[in-house]
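Read through the structure below, which is laid out as structure tokens, and then see the notes.
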Amino acid sequence: MNLAIKKISILLPVAVLATACQRGEKAAPPSVIQVKTPVAAPQEVAGAPAAPVDPEEIRMMELMHVIYGTAANTPLIVDLPDYDKRSEKSSYRITPLSMHGIGTDRVALVASANYAHDDNPSHGQPGLLNAYVLQKQDGKWKVERRFENVDAMGTWGKLGTVAWVELGPGQPGFVIEWGGTWQGNTVQYMSVFDLGDPKLHDLAKKVGLVGSDNGGDCDERRHRCWSVEGKWRFERKTQQPYDDLVFDFSGYTESRPEDSAETVARTRTEVSNTARYAFRSGEYVLASGEHSVPNP
């Protein structure tokens, strides 16, 4: 089944030409006898320390087994609602990414899923978002809320990087940052989720790119080159249930007229500005400033 993934349109293909040459060596004179030195057998290192185990990863796996009632130390392969056909179920492999305490005896956990039969996800294949809220009752963890295969993002079958945030007073949530490079063009996105949202949908769909550059495709043929990045933060305002999402953009753009020769230098412009997004009608929309990240 095909995933309904976000597609990134890259307009400028890149051709890479690799050439190699070999240097010949003169043969040794007949009077010289070359003798190969025997290679010493490798020695075993006794008492080599084992790789350290991350306690948080162990804890996340324990919680995932609680969520799905699977035996400890077994692969996390479970049946979940199919991403494309919600009325059907398919077998998925789940990988926990991050966990965060959200109050007394409550914890939130984010995991990425992909088809269990797909051992080698491609560059353009996203991960599927799964999130859970658990609460400890009488010494045992109980699943309070679960969101399975609710969104798709990322590359190589993985979601991206999770950052836990507070979207407003008493409004726990998380941000997922992800991106990739295609044909010399690098793009970066962010998605914002509210754990109190009954459907757990992306609140930042109208934000678009939060960073991009074409450093891998910028040569004399290109009339436009750039590298712009947006640093995000949440800014609280009184009498407002959700914080504003603010971006500080920095970087540069270079351009010259489309009909100019390749020998004409591009004009460089420094980027340094701010854009503010306010939460309205269930999502973040541009309230002031300019979103300065170019699209490839």
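Just remember, in the structure tokens the first chain shown is A, the second B, etc., residues are 1-based per chain, and ligands are 1-based in the order shown.
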Polymer residues at most 9 Å from A:Leu129, only C-alpha atoms, same-chain spacing of 5 or more positions, as an MDAnalysis selection string
chainID A and resid 110:113 147:153 159
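For A:Val192, the residues within 8 Å (counting only C-alpha atoms, excluding itself and residues fewer than 6 positions away along the chain) are A:Gly173, A:Phe174, A:Val175, A:Ile176, A:Asp202, A:Leu203, A:Ala204.
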Using N, CA, C and O atoms, can you write the selected residues to a file as a PDB file, in the first residue's frame?
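Saved result, result-v6.pdb, follows:
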```
ATOM      1  N   GLY A 173       2.954  19.643  24.800  1.00  0.00           N
ATOM      2  CA  GLY A 173       2.974  19.216  23.405  1.00  0.00           C
ATOM      3  C   GLY A 173       4.383  18.855  22.985  1.00  0.00           C
ATOM      4  O   GLY A 173       5.301  18.770  23.810  1.00  0.00           O
ATOM      5  N   PHE A 174       4.568  18.653  21.709  1.00  0.00           N
ATOM      6  CA  PHE A 174       5.904  18.320  21.201  1.00  0.00           C
ATOM      7  C   PHE A 174       6.054  18.805  19.764  1.00  0.00           C
ATOM      8  O   PHE A 174       5.072  18.998  19.038  1.00  0.00           O
ATOM      9  N   VAL A 175       7.305  19.010  19.378  1.00  0.00           N
ATOM     10  CA  VAL A 175       7.670  19.428  18.028  1.00  0.00           C
ATOM     11  C   VAL A 175       8.511  18.329  17.409  1.00  0.00           C
ATOM     12  O   VAL A 175       9.375  17.739  18.069  1.00  0.00           O
ATOM     13  N   ILE A 176       8.265  18.051  16.132  1.00  0.00           N
ATOM     14  CA  ILE A 176       9.116  17.129  15.385  1.00  0.00           C
ATOM     15  C   ILE A 176       9.802  17.911  14.269  1.00  0.00           C
ATOM     16  O   ILE A 176       9.145  18.559  13.455  1.00  0.00           O
ATOM     17  N   ASP A 202      -1.255  18.143  13.048  1.00  0.00           N
ATOM     18  CA  ASP A 202      -0.147  19.085  12.954  1.00  0.00           C
ATOM     19  C   ASP A 202      -0.685  20.512  12.984  1.00  0.00           C
ATOM     20  O   ASP A 202      -1.452  20.922  12.109  1.00  0.00           O
ATOM     21  N   LEU A 203      -0.259  21.292  13.971  1.00  0.00           N
ATOM     22  CA  LEU A 203      -0.722  22.672  14.118  1.00  0.00           C
ATOM     23  C   LEU A 203       0.071  23.651  13.253  1.00  0.00           C
ATOM     24  O   LEU A 203      -0.295  24.821  13.169  1.00  0.00           O
ATOM     25  N   ALA A 204       1.141  23.191  12.614  1.00  0.00           N
ATOM     26  CA  ALA A 204       2.035  24.094  11.883  1.00  0.00           C
ATOM     27  C   ALA A 204       2.074  23.805  10.386  1.00  0.00           C
ATOM     28  O   ALA A 204       3.076  24.099   9.720  1.00  0.00           O
TER      29      ALA A 204
END
```
Taking the DSSP secondary structure from the backbone, can you list the residues of stretch 41-252 of chain A that are helix (DSSP H, G or I), as a PyMOL selection string?
chain A and resi 55-68+215-217
Using only C-alpha atoms, I'd like a table of the residues in stretch 203-222 of chain A that come within 9 Å of stretch 282-293 of chain A; for each, show the closest atom pair and its distance in Å rounded to one decimal, ordered by chain and ascending number, as JSON lines.
```
{"residue": "A:Leu203", "atom": "CA", "partner": "A:Glu283", "partner_atom": "CA", "distance": 4.4}
{"residue": "A:Ala204", "atom": "CA", "partner": "A:Tyr284", "partner_atom": "CA", "distance": 5.5}
{"residue": "A:Lys205", "atom": "CA", "partner": "A:Glu283", "partner_atom": "CA", "distance": 7.7}
{"residue": "A:Lys206", "atom": "CA", "partner": "A:Val285", "partner_atom": "CA", "distance": 6.3}
{"residue": "A:Val207", "atom": "CA", "partner": "A:Val285", "partner_atom": "CA", "distance": 7.1}
{"residue": "A:Gly208", "atom": "CA", "partner": "A:Val293", "partner_atom": "CA", "distance": 8.7}
{"residue": "A:Leu209", "atom": "CA", "partner": "A:Val293", "partner_atom": "CA", "distance": 6.4}
{"residue": "A:Val210", "atom": "CA", "partner": "A:Val293", "partner_atom": "CA", "distance": 6.4}
{"residue": "A:Gly211", "atom": "CA", "partner": "A:Val293", "partner_atom": "CA", "distance": 5.8}
{"residue": "A:Ser212", "atom": "CA", "partner": "A:Val293", "partner_atom": "CA", "distance": 6.4}
{"residue": "A:Asp213", "atom": "CA", "partner": "A:Val293", "partner_atom": "CA", "distance": 8.8}
```
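Picture a line from atom CA of A:Glu229 to atom CA of A:Thr267; it runs 19.3 Å.
Minimum distance to A:Trp164 across A:Asp194, A:Asp119, A:Asp138, A:Asp244 (counting only C-alpha atoms) occurs at A:Asp194.
Every protein or nucleic acid residue with an atom no more than 9 Å from A:Trp178, counting only C-alpha atoms and leaving out same-chain residues fewer than 3 positions away, appears here: Met153, Gly154, Thr155, Leu159, Gly160, Thr161, Val187, Gln188, Tyr189, Met190 and Ser191 of chain A.
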Output of the above residues as a PDB file, in the first residue's frame, restricted to all heavy atoms:
```pdb
ATOM      1  N   MET A 153       5.877  11.764   8.227  1.00  0.00           N
ATOM      2  CA  MET A 153       6.898  12.780   7.997  1.00  0.00           C
ATOM      3  C   MET A 153       8.270  12.128   8.138  1.00  0.00           C
ATOM      4  O   MET A 153       8.396  10.993   8.593  1.00  0.00           O
ATOM      5  CB  MET A 153       6.760  13.930   8.992  1.00  0.00           C
ATOM      6  CG  MET A 153       7.015  13.533  10.426  1.00  0.00           C
ATOM      7  SD  MET A 153       6.357  14.721  11.616  1.00  0.00           S
ATOM      8  CE  MET A 153       4.605  14.432  11.414  1.00  0.00           C
ATOM      9  N   GLY A 154       9.302  12.865   7.738  1.00  0.00           N
ATOM     10  CA  GLY A 154      10.650  12.352   7.888  1.00  0.00           C
ATOM     11  C   GLY A 154      11.145  11.619   6.651  1.00  0.00           C
ATOM     12  O   GLY A 154      10.508  11.618   5.590  1.00  0.00           O
ATOM     13  N   THR A 155      12.293  10.973   6.783  1.00  0.00           N
ATOM     14  CA  THR A 155      12.925  10.224   5.701  1.00  0.00           C
ATOM     15  C   THR A 155      13.505   8.928   6.242  1.00  0.00           C
ATOM     16  O   THR A 155      13.632   8.741   7.456  1.00  0.00           O
ATOM     17  CB  THR A 155      14.064  11.044   5.051  1.00  0.00           C
ATOM     18  OG1 THR A 155      15.039  11.365   6.058  1.00  0.00           O
ATOM     19  CG2 THR A 155      13.541  12.337   4.432  1.00  0.00           C
ATOM     20  N   LEU A 159      10.769   9.374  11.757  1.00  0.00           N
ATOM     21  CA  LEU A 159      10.060  10.645  11.898  1.00  0.00           C
ATOM     22  C   LEU A 159      10.982  11.850  11.880  1.00  0.00           C
ATOM     23  O   LEU A 159      10.751  12.829  11.178  1.00  0.00           O
ATOM     24  CB  LEU A 159       9.275  10.669  13.213  1.00  0.00           C
ATOM     25  CG  LEU A 159       8.019   9.818  13.297  1.00  0.00           C
ATOM     26  CD1 LEU A 159       7.448   9.897  14.710  1.00  0.00           C
ATOM     27  CD2 LEU A 159       6.983  10.286  12.290  1.00  0.00           C
ATOM     28  N   GLY A 160      12.011  11.838  12.702  1.00  0.00           N
ATOM     29  CA  GLY A 160      12.872  12.995  12.879  1.00  0.00           C
ATOM     30  C   GLY A 160      13.217  13.158  14.347  1.00  0.00           C
ATOM     31  O   GLY A 160      13.213  12.193  15.121  1.00  0.00           O
ATOM     32  N   THR A 161      13.501  14.398  14.762  1.00  0.00           N
ATOM     33  CA  THR A 161      13.915  14.697  16.130  1.00  0.00           C
ATOM     34  C   THR A 161      12.746  15.284  16.917  1.00  0.00           C
ATOM     35  O   THR A 161      12.059  16.184  16.446  1.00  0.00           O
ATOM     36  CB  THR A 161      15.085  15.692  16.135  1.00  0.00           C
ATOM     37  OG1 THR A 161      16.163  15.150  15.367  1.00  0.00           O
ATOM     38  CG2 THR A 161      15.558  15.954  17.554  1.00  0.00           C
ATOM     39  N   VAL A 187      16.228  20.729   2.647  1.00  0.00           N
ATOM     40  CA  VAL A 187      15.022  21.356   3.197  1.00  0.00           C
ATOM     41  C   VAL A 187      14.808  20.872   4.624  1.00  0.00           C
ATOM     42  O   VAL A 187      15.156  19.743   4.966  1.00  0.00           O
ATOM     43  CB  VAL A 187      13.777  21.045   2.338  1.00  0.00           C
ATOM     44  CG1 VAL A 187      13.867  21.722   0.984  1.00  0.00           C
ATOM     45  CG2 VAL A 187      13.595  19.540   2.164  1.00  0.00           C
ATOM     46  N   GLN A 188      14.229  21.758   5.453  1.00  0.00           N
ATOM     47  CA  GLN A 188      13.937  21.439   6.843  1.00  0.00           C
ATOM     48  C   GLN A 188      12.511  21.851   7.164  1.00  0.00           C
ATOM     49  O   GLN A 188      12.057  22.925   6.744  1.00  0.00           O
ATOM     50  CB  GLN A 188      14.915  22.175   7.771  1.00  0.00           C
ATOM     51  CG  GLN A 188      16.369  21.818   7.557  1.00  0.00           C
ATOM     52  CD  GLN A 188      17.312  22.715   8.333  1.00  0.00           C
ATOM     53  OE1 GLN A 188      16.891  23.475   9.196  1.00  0.00           O
ATOM     54  NE2 GLN A 188      18.587  22.637   8.022  1.00  0.00           N
ATOM     55  N   TYR A 189      11.804  20.991   7.898  1.00  0.00           N
ATOM     56  CA  TYR A 189      10.422  21.241   8.295  1.00  0.00           C
ATOM     57  C   TYR A 189      10.285  21.094   9.802  1.00  0.00           C
ATOM     58  O   TYR A 189      11.139  20.501  10.477  1.00  0.00           O
ATOM     59  CB  TYR A 189       9.476  20.241   7.634  1.00  0.00           C
ATOM     60  CG  TYR A 189       9.322  20.371   6.143  1.00  0.00           C
ATOM     61  CD1 TYR A 189      10.168  19.675   5.278  1.00  0.00           C
ATOM     62  CD2 TYR A 189       8.322  21.159   5.588  1.00  0.00           C
ATOM     63  CE1 TYR A 189      10.024  19.781   3.902  1.00  0.00           C
ATOM     64  CE2 TYR A 189       8.169  21.273   4.219  1.00  0.00           C
ATOM     65  CZ  TYR A 189       9.025  20.584   3.381  1.00  0.00           C
ATOM     66  OH  TYR A 189       8.882  20.691   2.029  1.00  0.00           O
ATOM     67  N   MET A 190       9.175  21.588  10.323  1.00  0.00           N
ATOM     68  CA  MET A 190       8.803  21.302  11.696  1.00  0.00           C
ATOM     69  C   MET A 190       7.299  21.064  11.757  1.00  0.00           C
ATOM     70  O   MET A 190       6.526  21.650  10.989  1.00  0.00           O
ATOM     71  CB  MET A 190       9.180  22.449  12.631  1.00  0.00           C
ATOM     72  CG  MET A 190       8.304  23.691  12.523  1.00  0.00           C
ATOM     73  SD  MET A 190       8.717  25.006  13.711  1.00  0.00           S
ATOM     74  CE  MET A 190       8.366  24.200  15.268  1.00  0.00           C
ATOM     75  N   SER A 191       6.881  20.183  12.652  1.00  0.00           N
ATOM     76  CA  SER A 191       5.467  19.925  12.902  1.00  0.00           C
ATOM     77  C   SER A 191       5.226  20.087  14.393  1.00  0.00           C
ATOM     78  O   SER A 191       6.073  19.728  15.217  1.00  0.00           O
ATOM     79  CB  SER A 191       5.085  18.515  12.453  1.00  0.00           C
ATOM     80  OG  SER A 191       5.251  18.359  11.052  1.00  0.00           O
TER      81      SER A 191
END
```
Tell me, which residues of stretch 143-286 of chain A carry DSSP strand (DSSP E), written as a ChimeraX atom specification?
/A:143-147,152-153,161-166,172-182,185-194,211-213,224-235,244-255,267-280,283-286
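Among the candidates A:Pro294, A:Lys199, A:Pro169, A:Gly184, the residue lying nearest to A:Arg224 is A:Pro294 (atoms considered: only C-alpha atoms).
Minimum distance to A:Gln171 across A:Arg93, A:Arg236, A:Arg221, A:Arg145 (counting only C-alpha atoms) occurs at A:Arg236.
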Any idea what's packed within 12 Å of A:Ala265, counting only C-alpha atoms, ignoring anything in its chain fewer than 3 positions away? Could you give it as a PDB file with N, CA and C atoms, in the first residue's frame?
```pdb
ATOM      1  N   ASP A 219      26.372  26.553  -8.480  1.00  0.00           N
ATOM      2  CA  ASP A 219      27.573  26.823  -9.265  1.00  0.00           C
ATOM      3  C   ASP A 219      27.284  27.996 -10.195  1.00  0.00           C
ATOM      4  N   GLU A 220      28.185  28.255 -11.136  1.00  0.00           N
ATOM      5  CA  GLU A 220      28.038  29.441 -11.993  1.00  0.00           C
ATOM      6  C   GLU A 220      26.812  29.380 -12.885  1.00  0.00           C
ATOM      7  N   ARG A 221      26.243  28.196 -13.071  1.00  0.00           N
ATOM      8  CA  ARG A 221      25.060  28.093 -13.929  1.00  0.00           C
ATOM      9  C   ARG A 221      23.806  28.621 -13.231  1.00  0.00           C
ATOM     10  N   ARG A 222      23.809  28.628 -11.904  1.00  0.00           N
ATOM     11  CA  ARG A 222      22.607  28.962 -11.152  1.00  0.00           C
ATOM     12  C   ARG A 222      22.446  30.478 -11.011  1.00  0.00           C
ATOM     13  N   HIS A 223      21.267  30.970 -11.348  1.00  0.00           N
ATOM     14  CA  HIS A 223      20.971  32.387 -11.182  1.00  0.00           C
ATOM     15  C   HIS A 223      20.597  32.717  -9.740  1.00  0.00           C
ATOM     16  N   ARG A 224      20.294  31.667  -8.945  1.00  0.00           N
ATOM     17  CA  ARG A 224      19.853  31.897  -7.574  1.00  0.00           C
ATOM     18  C   ARG A 224      20.493  30.870  -6.647  1.00  0.00           C
ATOM     19  N   CYS A 225      21.109  31.342  -5.591  1.00  0.00           N
ATOM     20  CA  CYS A 225      21.658  30.475  -4.548  1.00  0.00           C
ATOM     21  C   CYS A 225      21.271  31.059  -3.197  1.00  0.00           C
ATOM     22  N   GLU A 254      21.456  34.885  -2.929  1.00  0.00           N
ATOM     23  CA  GLU A 254      22.225  35.466  -4.030  1.00  0.00           C
ATOM     24  C   GLU A 254      21.426  35.290  -5.311  1.00  0.00           C
ATOM     25  N   SER A 255      21.384  36.317  -6.143  1.00  0.00           N
ATOM     26  CA  SER A 255      20.608  36.204  -7.382  1.00  0.00           C
ATOM     27  C   SER A 255      21.140  37.162  -8.439  1.00  0.00           C
ATOM     28  N   ARG A 256      20.810  36.840  -9.675  1.00  0.00           N
ATOM     29  CA  ARG A 256      21.073  37.716 -10.809  1.00  0.00           C
ATOM     30  C   ARG A 256      19.943  37.498 -11.800  1.00  0.00           C
ATOM     31  N   PRO A 257      19.735  38.409 -12.769  1.00  0.00           N
ATOM     32  CA  PRO A 257      18.645  38.246 -13.742  1.00  0.00           C
ATOM     33  C   PRO A 257      18.733  36.909 -14.471  1.00  0.00           C
ATOM     34  N   SER A 260      20.788  36.724 -17.720  1.00  0.00           N
ATOM     35  CA  SER A 260      22.182  37.160 -17.687  1.00  0.00           C
ATOM     36  C   SER A 260      23.127  35.992 -17.948  1.00  0.00           C
ATOM     37  N   ALA A 261      24.353  36.318 -18.348  1.00  0.00           N
ATOM     38  CA  ALA A 261      25.363  35.303 -18.645  1.00  0.00           C
ATOM     39  C   ALA A 261      25.905  34.698 -17.356  1.00  0.00           C
ATOM     40  N   GLU A 262      26.514  33.527 -17.468  1.00  0.00           N
ATOM     41  CA  GLU A 262      27.046  32.855 -16.290  1.00  0.00           C
ATOM     42  C   GLU A 262      28.186  33.634 -15.651  1.00  0.00           C
ATOM     43  N   ARG A 268      24.420  39.506  -3.525  1.00  0.00           N
ATOM     44  CA  ARG A 268      24.175  38.841  -2.249  1.00  0.00           C
ATOM     45  C   ARG A 268      23.364  39.744  -1.324  1.00  0.00           C
TER      46      ARG A 268
END
```
What is the distance, in Å and to one decimal place, between atom CA of A:Phe249 and atom CA of A:Thr274?
6.0 Å
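Note that the spacing between atom CA of A:Thr95 and atom CA of A:Val143 amounts to 17.5 Å.
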Non-local contacts of A:Phe234 (10 Å; only C-alpha atoms; under 4 positions in same chain excluded) as a PyMOL selection string:
chain A and resi 165-168+242-247+276-277
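Minimum atom-to-atom distance to A:Met60, evaluated using only C-alpha atoms, belongs to A:Met99 out of A:Val133, A:Met99, A:Val107, A:Ile94.
Using only C-alpha atoms, the residues found no farther than 12 Å from A:Glu88, other than those of its own chain fewer than 5 positions away, are Met1, Asp79, Leu80, Pro81, Asp82 and Tyr83 of chain A.
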Generate the output file for the selected residues, C-alpha atoms, as a compact mmCIF listing (two decimals), in the first residue's frame.
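See result.txt below for the written result:
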```txt
# COMPACT_ATOMS: atom_id res chain seq x y z
CA MET A 1 0.00 0.00 0.00
CA ASP A 79 -1.12 -4.57 14.10
CA LEU A 80 -2.08 -0.90 13.74
CA PRO A 81 -4.68 0.99 11.70
CA ASP A 82 -3.40 1.23 8.14
CA TYR A 83 -2.23 4.75 7.33
```
Which neighbours of A:Met64 fall inside 8 Å, counting only C-alpha atoms, when residues of the same chain fewer than 4 positions from it are skipped, and could you give them as a VMD selection string?
chain A and resid 60 68 76 96
